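Step one of this worksheet: look at the structure below.
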Amino acid sequence: MRLSTFMTVAIAASQAAAQNATKDAFEQWHKPETGHVRGPCPFLNTFANHGFLPRTGKYITHKDLADGLFNAVHFDANISAFLFDFAVSTNPEPNSTWFSLDHLTRHNVLEHDASLSRVDAYHGHADIFNQQAFDETLSHYGDTVNVKAGAAAIVARMKTCKSTNPTYSLSGLGEAFILGETAAFISILGDAKSITADKKLVKYLFENERLPTELGWKRPETAFTTDILLANLETVGAEYAKLLNSTAAQRKRSGGFADRLLVGSSMLRA
């Protein structure tokens with residue numbers, strides 16, 4: 001066999017193996033085992049449960065995150081780098097090049113009060129799914145989750161947490177993260193252009209920490225980029241600002257929320 005032919009066959013075999021491995025990850029979902037860790041983000045927990053991220057939830061490197069997010073939900077390299085900078089900042093070890101999912105639970109670093117599916121840190125562990133909290137979120141969603149419903153759920157959870165948590169707090173960065181999280185999960189599970197998603201898919205992923213492939217969901221064909229995330233975040237933020245019904249919030253409608261993430265990311269890179 002000529003060398004060129006051998007190399008062609010080898011490359012094709014390698015590509016096929018990679019495709020099969022990715023396909024298997026969608027099908028090979030497992031609950032975390034003893035010694036594994038999970039955090040407050042339903043999506044990252046889901047990716048670990050499928051094996052797109054280390055199943056242990058530990059020692060996640062930039063490459064682990066970039067490969068995992070690309071294979072699972074078609075995140076491009078820039079948005080993975082953007083998210084990794086935030087995630088690695090939660091590792092208490094200085095100058096770390098990795099993070100574990102339980103690091104994300106550190107309160108008021110990235111984890112925040114008024115979660116859509118967790119109780120505030122004052123009441124318990126933010127790494128554990130809470131059905132009551134999520135039921136309140138779901139009550140604001142119609143059959144289709146859109147920008148208006150997403151913003152309404154955020155505001156409702158904030159009001160509940162403010163009234164029940166004497167230590168409630170939410171930084172500007174935390175507020176931007178809440179909006180970004182909603183923009184991201186709607187875009188990933190549904191359509192990033194219209195910013196809509198089927199409620200059944202959202203409910204399935206949050207409650208099971210499993211990709212809803214058995215309900216017909218498929219990995220997006222179009223890459224999810226930082227530009228799309230920030231644009232959709234601003235759209236959710238504009239509706240959120242309307243619901244808050246305050247002059248201060250209305251002034252944030254133009255660029256304010258996305259800018260907080262960009263500034264926060266720049267400070268981490270400095």
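Scheme for the structure tokens: letters A, B, ... for chains in order shown; per-chain residue numbers from 1; ligand numbers from 1 in order shown.
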
Please provide as JSON, numbers by chain all residues within 9 Å of Glu175 (chain A), with the sequence filter that same-chain residues fewer than 4 positions apart are discarded (counting only C-alpha atoms). {"A": [112, 170, 171, 179, 180, 257]}

Set out as JSON lines a contact list for region 180-249 of chain A and region 29-47 of chain A with a cut-off of 8 Å, giving each residue of region 180-249 of chain A that qualifies its closest atom pair and distance in Å to one decimal, counting only C-alpha atoms, ordered by chain and rising residue number.
```
{"residue": "A:Leu205", "atom": "CA", "partner": "A:Pro42", "partner_atom": "CA", "distance": 7.5}
{"residue": "A:Phe206", "atom": "CA", "partner": "A:Pro42", "partner_atom": "CA", "distance": 5.9}
{"residue": "A:Glu209", "atom": "CA", "partner": "A:Thr46", "partner_atom": "CA", "distance": 4.5}
{"residue": "A:Arg210", "atom": "CA", "partner": "A:Thr46", "partner_atom": "CA", "distance": 5.1}
{"residue": "A:Leu211", "atom": "CA", "partner": "A:Thr46", "partner_atom": "CA", "distance": 6.8}
```

Who sits within 9 Å of Gly68 (chain A), only C-alpha atoms, same chain under 6 positions skipped, as a list in words: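 Surrounding residues, per the criterion: Phe47, Ala48, Gly51, Phe52, Leu53, Pro54, His74 and Phe75 of chain A.
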
Name the residues of region 25-99 of chain A that come out as strand (DSSP E) in a backbone DSSP run; write them as a list in words.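 Of region 25-99 of chain A, the ones in strand (DSSP E) are Ile60, Thr61, Trp98 and Phe99 of chain A.
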
Please list as a PyMOL selection string every residue within 7 Å of Ile79 (chain A), counting only C-alpha atoms and excluding residues in the same chain fewer than 3 positions away. chain A and resi 75-76+82-83+225-226

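For the set A:Thr56, A:Asn49, A:Asn208, A:Thr196, the residue with the smallest atom-to-atom gap to Val145 (chain A) is A:Thr196, counting only C-alpha atoms.
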
Give the alpha helix (DSSP H) residues of region 44-199 of chain A, as DSSP finds them on the backbone, and put them as a PyMOL selection string. chain A and resi 44-50+62-73+77-88+131-138+147-164+172-189+199

Taking only C-alpha atoms into account, which of A:Ser194, A:Asn130, A:Thr137, A:Ser80 comes nearest Leu116 (chain A)?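 For Leu116 (chain A), the nearest of the candidates is A:Thr137.
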
Extract, using only C-alpha atoms, all DNA, RNA and protein residues at most 10 Å from Ala192 (chain A), discarding same-chain residues fewer than 2 positions from it, and format them as JSON, numbers by chain. {"A": [183, 184, 185, 186, 187, 188, 189, 190, 194, 195, 196, 197, 220, 222, 224, 228, 229, 232]}

Tell me which protein, DNA and RNA residues are within 10 Å of Val236 (chain A), counting only C-alpha atoms, leaving out same-chain ones fewer than 5 positions away, and put them as a PDB file with N, CA and C atoms, in the first residue's frame.
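To be explicit, this is the file written out as selection01.pdb:
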```
ATOM      1  N   ASN A 146     -39.898  31.823  25.431  1.00  0.00           N
ATOM      2  CA  ASN A 146     -39.361  32.920  24.632  1.00  0.00           C
ATOM      3  C   ASN A 146     -38.701  33.961  25.540  1.00  0.00           C
ATOM      4  N   VAL A 147     -38.309  35.075  24.957  1.00  0.00           N
ATOM      5  CA  VAL A 147     -37.601  36.113  25.709  1.00  0.00           C
ATOM      6  C   VAL A 147     -38.448  36.657  26.844  1.00  0.00           C
ATOM      7  N   LYS A 148     -39.714  36.934  26.556  1.00  0.00           N
ATOM      8  CA  LYS A 148     -40.597  37.504  27.576  1.00  0.00           C
ATOM      9  C   LYS A 148     -40.778  36.540  28.751  1.00  0.00           C
ATOM     10  N   ALA A 149     -40.997  35.259  28.441  1.00  0.00           N
ATOM     11  CA  ALA A 149     -41.171  34.264  29.504  1.00  0.00           C
ATOM     12  C   ALA A 149     -39.880  34.072  30.287  1.00  0.00           C
ATOM     13  N   GLY A 150     -38.759  34.063  29.583  1.00  0.00           N
ATOM     14  CA  GLY A 150     -37.472  33.910  30.259  1.00  0.00           C
ATOM     15  C   GLY A 150     -37.208  35.036  31.232  1.00  0.00           C
ATOM     16  N   ALA A 151     -37.477  36.267  30.802  1.00  0.00           N
ATOM     17  CA  ALA A 151     -37.269  37.429  31.675  1.00  0.00           C
ATOM     18  C   ALA A 151     -38.236  37.405  32.851  1.00  0.00           C
ATOM     19  N   ALA A 152     -39.483  37.001  32.608  1.00  0.00           N
ATOM     20  CA  ALA A 152     -40.478  36.955  33.689  1.00  0.00           C
ATOM     21  C   ALA A 152     -40.077  35.966  34.773  1.00  0.00           C
ATOM     22  N   ILE A 178     -27.165  35.752  35.022  1.00  0.00           N
ATOM     23  CA  ILE A 178     -28.531  35.223  35.009  1.00  0.00           C
ATOM     24  C   ILE A 178     -29.152  35.404  33.623  1.00  0.00           C
ATOM     25  N   LEU A 179     -28.993  36.594  33.065  1.00  0.00           N
ATOM     26  CA  LEU A 179     -29.556  36.885  31.746  1.00  0.00           C
ATOM     27  C   LEU A 179     -28.867  36.053  30.671  1.00  0.00           C
ATOM     28  N   GLY A 180     -27.540  35.926  30.789  1.00  0.00           N
ATOM     29  CA  GLY A 180     -26.796  35.142  29.814  1.00  0.00           C
ATOM     30  C   GLY A 180     -27.147  33.669  29.857  1.00  0.00           C
ATOM     31  N   THR A 182     -30.042  32.360  30.688  1.00  0.00           N
ATOM     32  CA  THR A 182     -31.341  32.172  30.037  1.00  0.00           C
ATOM     33  C   THR A 182     -31.212  32.290  28.524  1.00  0.00           C
ATOM     34  N   ALA A 183     -30.467  33.285  28.063  1.00  0.00           N
ATOM     35  CA  ALA A 183     -30.261  33.450  26.619  1.00  0.00           C
ATOM     36  C   ALA A 183     -29.596  32.215  26.027  1.00  0.00           C
ATOM     37  N   ILE A 195     -34.846  33.107  19.409  1.00  0.00           N
ATOM     38  CA  ILE A 195     -34.688  32.962  20.861  1.00  0.00           C
ATOM     39  C   ILE A 195     -35.950  32.335  21.451  1.00  0.00           C
ATOM     40  N   LEU A 230     -23.945  37.303  23.352  1.00  0.00           N
ATOM     41  CA  LEU A 230     -24.079  38.654  23.877  1.00  0.00           C
ATOM     42  C   LEU A 230     -25.283  39.376  23.275  1.00  0.00           C
ATOM     43  N   ALA A 231     -25.549  39.143  21.992  1.00  0.00           N
ATOM     44  CA  ALA A 231     -26.713  39.766  21.355  1.00  0.00           C
ATOM     45  C   ALA A 231     -28.010  39.251  21.983  1.00  0.00           C
ATOM     46  N   ALA A 241     -35.438  44.486  31.778  1.00  0.00           N
ATOM     47  CA  ALA A 241     -35.447  45.871  32.235  1.00  0.00           C
ATOM     48  C   ALA A 241     -36.865  46.447  32.222  1.00  0.00           C
ATOM     49  N   ARG A 253     -30.516  49.117  29.073  1.00  0.00           N
ATOM     50  CA  ARG A 253     -30.979  48.325  27.954  1.00  0.00           C
ATOM     51  C   ARG A 253     -30.017  48.342  26.782  1.00  0.00           C
ATOM     52  N   PHE A 257     -25.655  45.074  29.943  1.00  0.00           N
ATOM     53  CA  PHE A 257     -25.507  43.732  30.499  1.00  0.00           C
ATOM     54  C   PHE A 257     -24.356  42.975  29.837  1.00  0.00           C
TER      55      PHE A 257
END
```

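Going from CA of Ala81 (chain A) to CA of Arg106 (chain A) covers 20.5 Å.
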
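Counting only C-alpha atoms and comparing A:Ala126, A:Glu207, A:Lys199, A:Leu110, the residue that lies closest to His140 (chain A) is A:Lys199.
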
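For Lys159 (chain A), the list of residues within 9 Å, based on only C-alpha atoms and with local chain neighbours fewer than 5 positions off taken out, reads Ala114, Ile154 and Thr164 of chain A.
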
I need the residues from that last selection saved to file as an mmCIF file, in the first residue's frame (with all heavy atoms), if you can.
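Final file, result01.cif:
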```cif
data_model
loop_
_atom_site.group_PDB
_atom_site.id
_atom_site.type_symbol
_atom_site.label_atom_id
_atom_site.label_comp_id
_atom_site.auth_asym_id
_atom_site.auth_seq_id
_atom_site.Cartn_x
_atom_site.Cartn_y
_atom_site.Cartn_z
ATOM 1 N N ALA A 114 -30.902 33.751 43.452
ATOM 2 C CA ALA A 114 -31.983 33.836 42.455
ATOM 3 C C ALA A 114 -31.770 32.895 41.273
ATOM 4 O O ALA A 114 -32.097 33.215 40.136
ATOM 5 C CB ALA A 114 -32.174 35.270 41.969
ATOM 6 N N ILE A 154 -37.022 35.074 35.554
ATOM 7 C CA ILE A 154 -35.889 35.654 36.281
ATOM 8 C C ILE A 154 -36.378 36.637 37.342
ATOM 9 O O ILE A 154 -35.968 36.592 38.507
ATOM 10 C CB ILE A 154 -34.926 36.365 35.303
ATOM 11 C CG1 ILE A 154 -34.225 35.339 34.411
ATOM 12 C CG2 ILE A 154 -33.894 37.193 36.067
ATOM 13 C CD1 ILE A 154 -33.451 35.959 33.262
ATOM 14 N N THR A 164 -37.259 35.901 50.917
ATOM 15 C CA THR A 164 -37.034 34.734 51.785
ATOM 16 C C THR A 164 -35.594 34.590 52.252
ATOM 17 O O THR A 164 -35.309 33.777 53.128
ATOM 18 C CB THR A 164 -37.432 33.436 51.048
ATOM 19 O OG1 THR A 164 -36.656 33.306 49.852
ATOM 20 C CG2 THR A 164 -38.908 33.446 50.692
#
```

Looking at only C-alpha atoms, which of A:His50, A:Arg118, A:Lys58, A:His123 is the one that sits closest to Asp135 (chain A)?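 Ranking A:His50, A:Arg118, A:Lys58, A:His123 by distance to Asp135 (chain A), first place goes to A:Arg118.
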
note - CA of Ile128 (chain A) and CA of Asp102 (chain A) are separated by 10.6 Å

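Closest approach to Phe86 (chain A) among A:Asp113, A:Tyr204, A:Val73, A:His62 is made by A:His62 (distances from only C-alpha atoms).
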
Rounded to one decimal, what separation in Å do you get between CA of Ala153 (chain A) and CA of Leu215 (chain A)? 23.5 Å

Which residue of A:Asp143, A:Asp85, A:Glu111, A:Glu234 approaches Val202 (chain A) most closely, using only C-alpha atoms: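 The answer is A:Asp143, which sits nearest to Val202 (chain A).
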